[in-house]
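Colleague: For reference, this is run-v1.txt, and it has compact mmCIF, C-alpha atoms.
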# COMPACT_ATOMS: atom_id res chain seq x y z
CA MET W 28 21.05 139.64 24.87
CA ARG W 29 23.74 142.26 25.27
CA LEU W 30 25.91 142.04 28.36
CA THR W 31 24.80 145.52 29.43
CA THR W 32 21.17 144.37 29.35
CA PHE W 33 22.11 141.32 31.40
CA TRP W 34 23.71 143.46 34.12
CA GLU W 35 20.76 145.87 34.09
CA ARG W 36 18.41 142.95 34.73
CA MET W 37 20.66 141.60 37.48
CA ALA W 38 20.65 145.03 39.15
CA GLU W 39 16.88 145.34 38.80
CA HIS W 40 16.30 141.97 40.44
CA PHE W 41 19.00 141.92 43.13
CA GLY W 42 19.87 145.59 43.59
CA THR W 43 23.07 147.12 42.29
CA ALA W 44 25.34 146.14 45.18
CA TYR W 45 24.07 142.60 45.69
CA ALA W 46 24.02 141.76 41.96
CA ASP W 47 27.82 141.88 41.91
CA THR W 48 28.12 139.77 45.06
CA PHE W 49 25.60 137.23 43.77
CA ALA W 50 27.39 137.00 40.41
CA ARG W 51 30.73 136.42 42.11
CA ASP W 52 29.74 134.06 44.93
CA HIS W 53 26.57 132.08 44.15
CA VAL W 54 27.28 128.72 42.48
CA MET W 55 24.30 127.40 40.50
CA SER W 56 23.63 123.94 39.12
CA GLU W 57 21.73 125.68 36.30
CA LEU W 58 25.09 127.06 35.18
CA GLY W 59 26.91 123.76 35.41
CA GLY W 60 28.19 124.37 38.93
CA ARG W 61 29.50 127.82 38.05
CA THR W 62 28.90 131.32 39.28
CA VAL W 63 27.52 133.95 36.90
CA ASN W 64 31.00 135.41 36.47
CA GLU W 65 32.53 132.00 35.79
CA ALA W 66 29.85 131.12 33.24
CA LEU W 67 30.32 134.41 31.39
CA ALA W 68 34.11 134.00 31.45
CA ALA W 69 33.71 130.46 30.09
CA GLY W 70 31.91 131.88 27.05
CA TRP W 71 28.27 131.30 27.96
CA GLU W 72 25.84 133.64 26.22
CA ALA W 73 24.43 136.33 28.53
CA LYS W 74 20.84 135.26 27.75
CA ASP W 75 21.62 131.67 28.77
CA VAL W 76 23.19 132.84 32.01
CA TRP W 77 20.16 135.06 32.67
CA HIS W 78 17.82 132.11 32.08
CA GLY W 79 19.90 130.08 34.54
CA VAL W 80 19.65 132.84 37.14
CA CYS W 81 15.89 133.09 36.56
CA ALA W 82 15.46 129.36 37.07
CA ALA W 83 17.68 129.27 40.15
CA VAL W 84 16.08 132.12 42.06
CA GLY W 85 12.55 132.18 40.68
CA VAL W 86 12.57 135.45 38.77
CA PRO W 87 8.94 136.19 37.79
CA ALA W 88 8.04 135.40 34.19
CA ASP W 89 7.36 139.05 33.36
CA LYS W 90 10.96 139.94 34.32
CA ARG W 91 12.58 137.25 32.19
For this file, write the structure as structure tokens.

Modeller:
Amino acid sequence: MRLTTFWERMAEHFGTAYADTFARDHVMSELGGRTVNEALAAGWEAKDVWHGVCAAVGVPADKR
């Protein structure tokens, strides 16, 4: 998954403004106790981060 696609999906699910806040502030066990931004900075693949977000917040299967 391209990083631009990842951010588009984040914006679709959370809204443009909240996607950035969520990515910066929400720590998830699915990402090893990291935020989205921390996981991406640590070298996680965007698709793996997206799957972690989906699992953490219950994104519907058709949006994954």

Colleague: List the spatial neighbours of Leu30 (chain W) as a list in words - criterion: any atom at most 12 Å away, all atoms listed in the file, same-chain residues fewer than 3 positions off excluded.

Modeller: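 My list of contacting residues is Phe33, Trp34, Glu35, Arg36, Met37, Val63, Asn64, Leu67, Ala68, Gly70, Trp71, Glu72, Ala73, Lys74, Asp75, Val76 and Trp77 of chain W.
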
Colleague: To one decimal in Å, tell me the separation between CA of Ala38 (chain W) and CA of Val54 (chain W).

Modeller: 17.9 Å

Colleague: Using all atoms listed in the file, pick whichever of W:Gly85, W:Thr32, W:Arg91, W:Gly79 has the shortest atom-to-atom distance to Leu58 (chain W).

Modeller: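 Answer, going by the shortest atom-to-atom distance: W:Gly79.
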
Colleague: In Å, with one decimal, what is the gap from CA of Ala69 (chain W) to CA of Pro87 (chain W)?

Modeller: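 CA of Ala69 (chain W) sits 26.6 Å away from CA of Pro87 (chain W).
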
Colleague: Go ahead and compute the interatomic distance for CA of Phe41 (chain W) and CA of Ser56 (chain W), in Å to one decimal.

Modeller: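 The value is 19.0 Å.
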
Colleague: Would you mind listing what lies within 8 Å of Ala50 (chain W) as number ranges by chain, with only C-alpha atoms counted and same-chain residues fewer than 2 positions away left out?

Modeller: W: 46-48, 52-53, 62-64

Colleague: Would you save the residues of that selection, restricted to C-alpha atoms, as a PDB file, in the frame of the given file?

Modeller:
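Saved the output as out35.pdb:
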ATOM      1  CA  ALA W  46      24.020 141.760  41.960  1.00  0.00           C
ATOM      2  CA  ASP W  47      27.820 141.880  41.910  1.00  0.00           C
ATOM      3  CA  THR W  48      28.120 139.770  45.060  1.00  0.00           C
ATOM      4  CA  ASP W  52      29.740 134.060  44.930  1.00  0.00           C
ATOM      5  CA  HIS W  53      26.570 132.080  44.150  1.00  0.00           C
ATOM      6  CA  THR W  62      28.900 131.320  39.280  1.00  0.00           C
ATOM      7  CA  VAL W  63      27.520 133.950  36.900  1.00  0.00           C
ATOM      8  CA  ASN W  64      31.000 135.410  36.470  1.00  0.00           C
TER       9      ASN W  64
END

Colleague: Mind giving me the axis-aligned box for region 75-78 of chain W with 5 Å on every side, centre plus edges in Å to one decimal, as JSON?

Modeller:
{"center_x": 20.5, "center_y": 133.4, "center_z": 30.7, "size_x": 15.4, "size_y": 13.4, "size_z": 13.9}

Colleague: Under the rule that only C-alpha atoms are counted, which of W:His78, W:Met55, W:Gly60, W:Ala44 is the nearest residue to Lys90 (chain W)?

Modeller: W:His78

Colleague: Between W:Glu57, W:Gly42, W:Arg51, W:Met28, which is the closest to Val80 (chain W) once you count all atoms listed in the file?

Modeller: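 Ranked by minimum distance to Val80 (chain W), first place goes to W:Glu57.
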